[in-house]
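Student: The following file, structure-v1.cif, comprises mmCIF, C-alpha atoms and all ligand atoms:
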```cif
data_start
#
loop_
_atom_site.label_atom_id
_atom_site.label_comp_id
_atom_site.auth_asym_id
_atom_site.auth_seq_id
_atom_site.Cartn_x
_atom_site.Cartn_y
_atom_site.Cartn_z
CA MET A 227 0.00 0.00 0.00
CA THR A 228 1.15 3.55 -0.64
CA SER A 229 0.94 5.64 2.49
CA ARG A 230 1.50 9.36 2.53
CA ALA A 231 2.80 9.89 6.03
CA LEU A 232 4.66 13.20 6.06
CA GLY A 233 3.70 13.84 2.48
CA VAL A 234 6.00 11.48 0.65
CA PRO A 235 4.93 8.10 -0.69
CA THR A 236 6.08 4.84 0.88
CA ILE A 237 5.79 1.90 -1.48
CA ASP A 238 5.60 -1.71 -0.39
CA LEU A 239 7.32 -3.87 -2.97
CA SER A 240 5.65 -7.04 -1.67
CA VAL A 241 2.16 -6.12 -2.91
CA ASP A 242 0.58 -6.89 -6.28
CA ARG A 243 2.80 -5.96 -9.25
CA SER A 244 0.14 -4.12 -11.23
CA ILE A 245 -0.63 -1.93 -8.21
CA VAL A 246 3.01 -1.27 -7.33
CA SER A 247 3.86 -0.26 -10.90
CA GLN A 248 1.12 2.41 -10.82
CA GLN A 249 2.19 3.62 -7.39
CA ILE A 250 5.81 3.99 -8.48
CA VAL A 251 4.83 5.97 -11.58
CA ILE A 252 2.67 8.35 -9.52
CA ALA A 253 5.45 8.80 -6.92
CA CYS A 254 8.02 9.55 -9.65
CA GLU A 255 5.65 12.06 -11.27
CA GLU A 256 4.68 13.84 -8.06
CA TYR A 257 7.92 13.74 -6.07
CA GLY A 258 10.69 12.17 -8.15
CA PHE A 259 11.16 10.27 -4.91
CA PHE A 260 9.71 7.48 -2.78
CA ARG A 261 10.52 5.32 0.21
CA LEU A 262 10.64 1.59 -0.43
CA ILE A 263 9.78 -1.10 2.12
CA ASN A 264 9.96 -4.89 1.79
CA HIS A 265 12.65 -4.38 -0.82
CA GLY A 266 14.14 -7.87 -0.41
CA VAL A 267 17.81 -6.87 -0.01
CA SER A 268 19.27 -8.90 2.83
CA ASN A 269 20.01 -7.06 6.02
CA ALA A 270 23.22 -9.07 6.43
CA ILE A 271 24.59 -7.68 3.15
CA ILE A 272 23.66 -4.13 4.15
CA SER A 273 25.19 -4.50 7.63
CA ARG A 274 28.49 -5.76 6.24
CA VAL A 275 28.87 -2.61 4.11
CA GLU A 276 27.89 -0.44 7.06
CA GLU A 277 30.43 -2.13 9.38
CA GLU A 278 33.29 -1.95 6.88
CA SER A 279 32.46 1.67 6.11
CA PHE A 280 32.54 2.67 9.78
CA ARG A 281 35.81 0.76 10.14
CA PHE A 282 37.27 2.68 7.19
CA PHE A 283 36.11 6.13 8.37
CA ALA A 284 37.51 5.46 11.87
CA LYS A 285 41.05 5.26 10.45
CA PRO A 286 43.45 8.17 10.83
CA GLY A 287 43.08 10.94 8.24
CA SER A 288 46.52 10.31 6.75
CA GLU A 289 45.62 6.70 6.02
CA LYS A 290 42.26 7.60 4.47
CA GLN A 291 43.89 10.27 2.30
CA GLN A 292 45.93 7.53 0.63
CA ALA A 293 42.69 6.40 -0.99
CA GLY A 294 42.12 9.92 -2.36
CA PRO A 295 41.65 12.36 -3.89
CA PRO A 296 38.44 11.32 -5.63
CA ASN A 297 39.21 11.83 -9.33
CA PRO A 298 36.43 10.97 -9.62
CA LEU A 299 36.58 7.73 -7.58
CA GLY A 300 38.31 7.31 -4.20
CA TYR A 301 38.21 8.96 -0.77
CA GLY A 302 37.11 12.58 -0.40
CA CYS A 303 36.83 14.83 2.62
CA ARG A 304 34.81 18.06 2.60
CA THR A 305 35.44 18.83 -1.08
CA ILE A 306 32.75 17.81 -3.58
CA GLY A 307 33.33 17.54 -7.31
CA LEU A 308 35.88 19.66 -9.15
CA GLN A 309 34.40 23.17 -9.03
CA GLY A 310 34.91 24.24 -5.43
CA ASP A 311 31.82 22.83 -3.70
CA THR A 312 32.29 21.81 -0.10
CA GLY A 313 30.31 19.90 2.53
CA GLU A 314 30.51 18.67 6.11
CA LEU A 315 31.20 15.08 5.21
CA GLU A 316 33.77 12.56 4.11
CA TYR A 317 33.01 9.88 1.57
CA LEU A 318 34.15 7.00 -0.58
CA LEU A 319 33.24 6.73 -4.24
CA LEU A 320 33.71 3.26 -5.74
CA PRO A 321 32.90 1.65 -9.08
CA ALA A 322 29.70 -0.38 -9.18
CA ALA A 323 30.63 -2.31 -12.30
CA ASN A 324 28.65 -5.28 -13.57
CA PRO A 325 30.22 -7.86 -13.31
CA PRO A 326 32.10 -6.70 -10.23
CA SER A 327 35.64 -5.43 -10.70
CA VAL A 328 37.66 -4.50 -7.66
CA SER A 329 38.36 -1.13 -9.16
CA GLN A 330 38.81 0.91 -12.29
CA SER A 331 41.96 2.73 -11.30
CA SER A 332 45.39 1.64 -10.14
CA LYS A 333 45.07 3.87 -7.07
CA LEU A 334 42.07 1.87 -5.90
CA ILE A 335 43.63 -1.51 -6.76
CA SER A 336 46.73 -0.82 -4.72
CA ASN A 337 44.88 0.39 -1.63
CA ASN A 338 44.46 -2.39 0.86
CA ASP A 339 41.61 -0.71 2.79
CA LEU A 340 39.64 -0.29 -0.41
CA GLN A 341 40.26 -3.90 -1.43
CA ILE A 342 38.49 -5.06 1.73
CA ILE A 343 35.57 -2.67 1.45
CA SER A 344 35.18 -3.38 -2.29
CA CYS A 345 34.40 -7.05 -1.58
CA VAL A 346 31.38 -6.28 0.60
CA VAL A 347 30.37 -3.40 -1.66
CA ASN A 348 30.34 -5.70 -4.70
CA GLU A 349 27.96 -8.06 -2.95
CA TYR A 350 25.71 -5.13 -1.99
CA VAL A 351 25.85 -3.54 -5.43
CA GLN A 352 24.80 -6.76 -7.16
CA ALA A 353 21.72 -7.02 -4.94
CA VAL A 354 20.84 -3.34 -5.32
CA ARG A 355 21.38 -3.40 -9.09
CA ARG A 356 18.84 -6.24 -9.31
CA LEU A 357 16.43 -4.21 -7.22
CA THR A 358 16.99 -1.14 -9.42
CA CYS A 359 16.27 -3.22 -12.53
CA ASP A 360 13.05 -4.50 -10.91
CA ILE A 361 11.96 -0.93 -10.18
CA LEU A 362 12.76 0.14 -13.76
CA ASP A 363 10.77 -2.83 -15.14
CA LEU A 364 7.84 -1.84 -12.94
CA VAL A 365 8.07 1.73 -14.24
CA ALA A 366 8.13 0.46 -17.85
CA GLU A 367 5.00 -1.57 -17.09
CA GLY A 368 3.29 1.32 -15.34
CA LEU A 369 4.05 3.69 -18.22
CA CYS A 370 2.96 1.05 -20.79
CA LEU A 371 6.21 1.45 -22.69
CA GLY A 372 5.61 -1.77 -24.66
CA ASP A 373 9.08 -3.17 -23.99
CA ASN A 374 9.22 -3.83 -20.22
CA PHE A 375 13.02 -4.02 -20.18
CA VAL A 376 13.75 -0.87 -22.15
CA LEU A 377 14.85 0.97 -18.98
CA SER A 378 16.56 -1.80 -17.03
CA ARG A 379 18.70 -2.75 -20.05
CA LEU A 380 20.40 0.63 -19.70
CA ILE A 381 21.96 -0.29 -16.36
CA ASN A 382 21.92 -4.09 -16.57
CA ASN A 383 24.85 -4.35 -18.92
CA VAL A 384 28.58 -4.87 -18.51
CA GLU A 385 29.42 -1.34 -19.59
CA SER A 386 27.16 0.36 -17.06
CA ASP A 387 28.90 3.37 -15.49
CA ALA A 388 27.14 2.88 -12.15
CA VAL A 389 28.84 4.23 -9.02
CA PHE A 390 28.60 3.37 -5.34
CA ARG A 391 29.05 6.05 -2.68
CA VAL A 392 29.17 5.98 1.09
CA ASN A 393 28.84 9.30 2.93
CA HIS A 394 29.94 9.77 6.54
CA TYR A 395 28.64 12.85 8.40
CA PRO A 396 30.34 13.10 11.80
CA PRO A 397 28.33 14.81 14.55
CA LEU A 398 28.98 18.51 15.09
CA ASP A 399 30.87 18.84 18.32
CA GLN A 400 29.28 20.44 21.37
CA THR A 401 31.17 23.71 20.89
CA ALA A 402 30.01 24.09 17.34
CA LYS A 403 26.41 23.48 18.45
CA ALA A 404 26.65 26.20 21.07
CA PHE A 405 27.88 28.82 18.64
CA ILE A 406 25.43 28.49 15.79
CA PRO A 407 22.88 31.26 16.21
CA ALA A 408 19.22 30.54 15.56
CA PRO A 409 18.25 32.04 12.20
CA LYS A 410 15.43 34.59 12.24
CA PHE A 411 14.15 33.54 8.84
CA ILE A 412 14.12 30.31 6.93
CA LEU A 413 15.96 31.05 3.73
CA GLN A 414 15.48 28.57 0.91
CA ASP A 415 18.70 29.17 -0.95
CA ASP A 416 20.87 30.18 1.93
CA LYS A 417 23.16 27.91 3.86
CA ILE A 418 20.78 28.24 6.81
CA ALA A 419 17.57 26.30 7.08
CA ASN A 420 15.23 24.91 9.65
CA ASN A 421 15.94 21.28 10.40
CA GLY A 422 13.09 20.03 12.58
CA ASP A 423 13.79 21.11 16.12
CA HIS A 424 17.18 22.69 15.45
CA PRO A 425 18.03 25.55 13.21
CA SER A 426 21.04 24.26 11.33
CA ARG A 427 23.17 24.49 8.25
CA VAL A 428 23.41 22.45 5.13
CA GLY A 429 25.96 19.60 5.29
CA LEU A 430 25.71 18.57 1.62
CA GLY A 431 24.20 21.15 -0.68
CA GLU A 432 21.09 21.01 -2.81
CA HIS A 433 21.48 19.09 -6.06
CA SER A 434 19.94 16.50 -8.33
CA ASP A 435 21.75 13.29 -9.27
CA PRO A 436 22.80 13.07 -12.93
CA GLN A 437 22.16 9.30 -13.29
CA ILE A 438 18.92 7.37 -13.93
CA LEU A 439 17.99 6.23 -10.43
CA THR A 440 19.64 6.47 -7.01
CA ILE A 441 18.95 3.92 -4.28
CA MET A 442 19.92 5.27 -0.87
CA ARG A 443 20.02 3.58 2.51
CA SER A 444 20.98 5.35 5.72
CA ASN A 445 21.50 4.41 9.33
CA ASP A 446 19.11 5.83 11.93
CA VAL A 447 20.56 9.36 11.87
CA GLY A 448 18.52 11.93 9.95
CA GLY A 449 19.29 15.05 7.94
CA PHE A 450 18.15 14.06 4.45
CA GLN A 451 15.63 16.38 2.78
CA ILE A 452 13.96 16.49 -0.60
CA PHE A 453 12.55 19.54 -2.36
CA SER A 454 8.89 19.00 -3.18
CA HIS A 455 7.32 20.23 -6.40
CA ASP A 456 5.27 22.69 -4.35
CA GLY A 457 8.42 24.37 -3.14
CA LEU A 458 9.00 22.97 0.35
CA TRP A 459 11.94 21.10 1.84
CA ILE A 460 10.64 17.85 3.34
CA SER A 461 12.71 16.08 6.02
CA ILE A 462 12.76 12.34 5.46
CA PRO A 463 12.89 10.52 8.81
CA PRO A 464 15.71 7.97 8.72
CA ASN A 465 14.74 4.31 8.59
CA PRO A 466 17.54 1.74 8.21
CA THR A 467 15.10 -0.94 7.04
CA GLU A 468 13.96 0.96 3.96
CA PHE A 469 15.49 2.49 0.85
CA CYS A 470 14.98 5.96 -0.55
CA VAL A 471 14.60 5.95 -4.33
CA ILE A 472 15.53 9.17 -6.13
CA VAL A 473 14.83 10.05 -9.79
CA GLY A 474 17.94 11.36 -11.54
CA ASP A 475 18.41 13.79 -14.45
CA THR A 476 18.80 11.01 -17.04
CA PHE A 477 15.43 9.55 -16.04
CA GLN A 478 13.88 12.99 -16.43
CA ALA A 479 15.21 13.21 -20.01
CA LEU A 480 14.16 9.63 -20.85
CA THR A 481 10.60 10.41 -19.77
CA ASN A 482 10.59 13.76 -21.58
CA ASP A 483 10.00 15.58 -18.23
CA ARG A 484 7.08 13.39 -17.12
CA PHE A 485 9.33 12.50 -14.16
CA LYS A 486 11.38 15.31 -12.63
CA SER A 487 14.70 14.61 -10.96
CA ALA A 488 14.38 15.24 -7.21
CA ARG A 489 16.52 17.96 -5.72
CA HIS A 490 17.81 16.92 -2.33
CA ARG A 491 20.30 17.93 0.36
CA VAL A 492 21.57 16.80 3.76
CA MET A 493 21.58 19.01 6.83
CA GLU A 494 24.54 19.18 9.19
CA ASN A 495 24.53 16.45 11.78
CA PHE A 496 23.27 17.73 15.14
CA ASN A 497 23.00 14.25 16.60
CA ASP A 498 25.42 12.49 18.90
CA LYS A 499 26.09 9.77 16.35
CA PRO A 500 27.47 9.93 12.81
CA ARG A 501 25.11 9.65 9.86
CA LEU A 502 26.14 7.00 7.34
CA SER A 503 24.38 6.73 4.01
CA MET A 504 25.14 4.46 1.07
CA MET A 505 24.04 5.17 -2.46
CA TYR A 506 23.94 3.14 -5.65
CA PHE A 507 23.73 5.43 -8.68
CA GLY A 508 22.32 3.46 -11.61
CA ALA A 509 23.85 4.81 -14.82
CA PRO A 510 24.02 3.68 -18.45
CA SER A 511 27.25 3.01 -20.33
CA LEU A 512 29.27 6.09 -21.22
CA ASP A 513 28.33 5.86 -24.90
CA ALA A 514 24.64 5.11 -24.38
CA THR A 515 22.45 7.61 -26.19
CA ILE A 516 19.84 9.25 -24.02
CA CYS A 517 16.75 10.66 -25.68
CA PRO A 518 13.10 10.72 -24.69
CA ILE A 519 11.44 7.30 -25.15
CA PRO A 520 9.04 7.65 -28.13
CA ARG A 521 5.97 6.63 -26.05
CA MET A 522 6.79 9.51 -23.68
CA VAL A 523 6.51 12.09 -26.42
CA SER A 524 2.98 13.24 -27.13
CA SER A 525 3.64 16.51 -28.89
CA LEU A 526 6.87 18.34 -28.04
CA ILE A 527 10.16 16.53 -27.62
CA HIS A 528 12.09 18.36 -24.90
CA TYR A 529 15.64 17.00 -25.26
CA ARG A 530 18.09 16.49 -28.07
CA PRO A 531 19.84 13.11 -28.04
CA PHE A 532 22.98 13.08 -25.89
CA THR A 533 25.30 10.47 -24.45
CA TRP A 534 25.72 9.73 -20.76
CA ARG A 535 29.38 10.70 -21.26
CA GLU A 536 28.26 14.22 -22.34
CA LEU A 537 25.93 14.66 -19.38
CA LYS A 538 28.55 13.37 -16.95
CA LYS A 539 31.14 15.74 -18.38
CA ALA A 540 28.69 18.63 -18.04
CA ALA A 541 28.01 17.66 -14.40
CA TYR A 542 31.69 17.68 -13.50
CA SER A 543 32.30 21.00 -15.23
CA GLN A 544 29.49 22.69 -13.29
CA ARG A 545 28.70 23.38 -9.66
CA LEU A 546 26.80 20.87 -7.53
CA ALA A 547 23.52 22.85 -7.57
CA ASP A 548 23.55 23.63 -11.31
CA ARG A 549 20.79 22.38 -13.60
CA ARG A 550 22.95 20.48 -16.07
CA LEU A 551 20.01 19.03 -18.00
CA ASP A 552 19.14 22.46 -19.37
CA LEU A 553 22.21 22.19 -21.63
CA PHE A 554 20.48 19.43 -23.60
CA LYS A 555 17.03 20.98 -23.76
CA TYR A 556 15.33 22.27 -26.92
CA ASN A 557 14.01 25.77 -26.27
C1 LIG B 601 25.92 13.81 -7.47
C2 LIG B 601 25.60 12.31 -7.51
C3 LIG B 601 26.81 11.44 -7.15
O1 LIG B 601 27.07 11.52 -5.76
C4 LIG B 601 28.07 11.89 -7.93
C5 LIG B 601 28.35 13.32 -7.49
C6 LIG B 601 29.63 13.97 -8.04
C7 LIG B 601 30.75 13.93 -6.99
O2 LIG B 601 30.51 14.10 -5.81
O3 LIG B 601 31.90 13.74 -7.41
C8 LIG B 601 29.23 15.42 -8.44
C9 LIG B 601 27.68 15.49 -8.25
C10 LIG B 601 27.25 14.05 -8.20
C11 LIG B 601 26.95 16.26 -9.38
C12 LIG B 601 27.73 17.43 -9.99
C13 LIG B 601 29.25 17.26 -9.92
C14 LIG B 601 29.58 15.77 -9.88
C15 LIG B 601 29.90 16.55 -7.68
C16 LIG B 601 29.71 17.71 -8.58
C17 LIG B 601 29.89 18.98 -8.22
C18 LIG B 601 29.21 10.91 -7.72
C19 LIG B 601 27.72 12.14 -9.35
O4 LIG B 601 27.81 11.34 -10.27
O5 LIG B 601 27.29 13.43 -9.51
#
```
Can you turn what I pasted into structure tokens?

Tutor:
Amino acid sequence: MTSRALGVPTIDLSVDRSIVSQQIVIACEEYGFFRLINHGVSNAIISRVEEESFRFFAKPGSEKQQAGPPNPLGYGCRTIGLQGDTGELEYLLLPAANPPSVSQSSKLISNNDLQIISCVVNEYVQAVRRLTCDILDLVAEGLCLGDNFVLSRLINNVESDAVFRVNHYPPLDQTAKAFIPAPKFILQDDKIANNGDHPSRVGLGEHSDPQILTIMRSNDVGGFQIFSHDGLWISIPPNPTEFCVIVGDTFQALTNDRFKSARHRVMENFNDKPRLSMMYFGAPSLDATICPIPRMVSSLIHYRPFTWRELKKAAYSQRLADRRLDLFKYN
């Protein structure tokens, strides 16, 4: 059943397929986002990635830096992308190749810490890729695209440029908490926003994901928000047993804007524990051509054909918050 607690849809993957496919389509149209329960990915697989990630982030900075900088894969701390964006987090970006490969760069191969984490990540990524393909097949059914595998084929191939990311947001220390003044106004585009009970700042800035679909799982520490189509930031309460599913820019183009990529951000961590989130970004191969699926075009076609390589290049040459899809739009 789809419930709308707190405004955003929660979809139960264990119910009837024809119902779920409709629910997913509606959620992607209205929010570009939904929460997924009864997703079928084993808790043991998830816990192993979580444990190894915490073990990695607990290492001394100098050791972690040996797995960096992220260009674009590897360990990163506070810097995001290549254009000067920053955030209050550290992270690991790893390949999510199909079939699994330990890494795509010699830096990653030679790093012992990453070798260990890559093994558990590969297991996780295989399970989550299958889940992502299931979701894409359900969308294809719900949209009556004719070919039910037209979307999942894009990521279910050996050349898929999918990426795995784990973000670690350490808690702000007590001193920092004491010195942040309460904002008088809630400013949408400022670095200050209202985060539930605490006024706080943004830890990872507003952006959309360039890929097709993002599957995110977090521990029980909150901070994640999505921007609703009616212009409000919605806090998503953390739930380690569910996944958050986020529509990316490529999905928006494939559906000719019927789905909109969801802008999201993460607030600074005011809790006593670190927030740990893991994301699988389902992407096509670099040379895959992206253009609106013919059944999605009723009158105007909104995008010129482009490759995933072109969109990815545009993303890395722009700032985090930029709307990179506009570059490929017909006026
Ligand atoms: C957002 C989605 C993924 O996390 C990511 C990010 C990438 C990065 O952190 O290196 C980007 C960001 C993401 C979009 C715009 C560019 C690229 C940082 C940035 C400023 C790995 C991705 O593919 O795009």

Student: Let me see if you get this right: every residue at most 6 Å from ligand LIG 601 (chain B), counting only C-alpha atoms and all ligand atoms, written as a list of chain:residue names.

Tutor: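 Within the 6 Å cut-off, the matching residues are A:Pro298, A:Ile306, A:Gly307, A:Asp435, A:Pro436, A:Ala541, A:Tyr542, A:Arg545, A:Leu546.
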
Student: Just checking: using only C-alpha atoms, which residue out of A:Asn297, A:Thr358, A:Thr481, A:Ser244 ends up closest to Ser378 of chain A?

Tutor: A:Thr358

Student: Expressed in Å to a single decimal, how great is the separation between atom CA of Gly233 of chain A and atom CA of Tyr350 of chain A?

Tutor: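 Interatomic distance here is 29.4 Å.
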
Student: Mind working out the centre and edge lengths of an axis-aligned box for segment 256-264 of chain A, all listed atoms inside, 5 Å added to each side, rounded to one decimal in Å and written as lines of an AutoDock Vina configuration file?

Tutor:
```
center_x = 7.9
center_y = 4.5
center_z = -3.0
size_x = 16.5
size_y = 28.7
size_z = 20.3
```

Student: Between A:Glu255, A:Asp475, A:Asp399, A:Asp242, which residue has the minimum interatomic distance to Asp548 of chain A, considering only C-alpha atoms?

Tutor: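 With only C-alpha atoms as the atom set, the closest residue is A:Asp475.
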
Student: Which residue, A:Ser525, A:Tyr257, A:Arg274, A:Asp339, has the smallest gap to Gln291 of chain A when you use all atoms listed in the file?

Tutor: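 The shortest atom-to-atom distance to Gln291 of chain A comes from A:Asp339.
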
Student: For Arg550 of chain A, which residue among A:Glu468, A:Pro531, A:Asn445, A:His433 is the nearest when counting only C-alpha atoms?

Tutor: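 Closest candidate: A:His433.
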
Student: What does the distance from atom CA of Pro466 of chain A to atom CA of Gly368 of chain A come to in Å, to one decimal?

Tutor: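 About the pair atom CA of Pro466 of chain A and atom CA of Gly368 of chain A: they are 27.5 Å apart.
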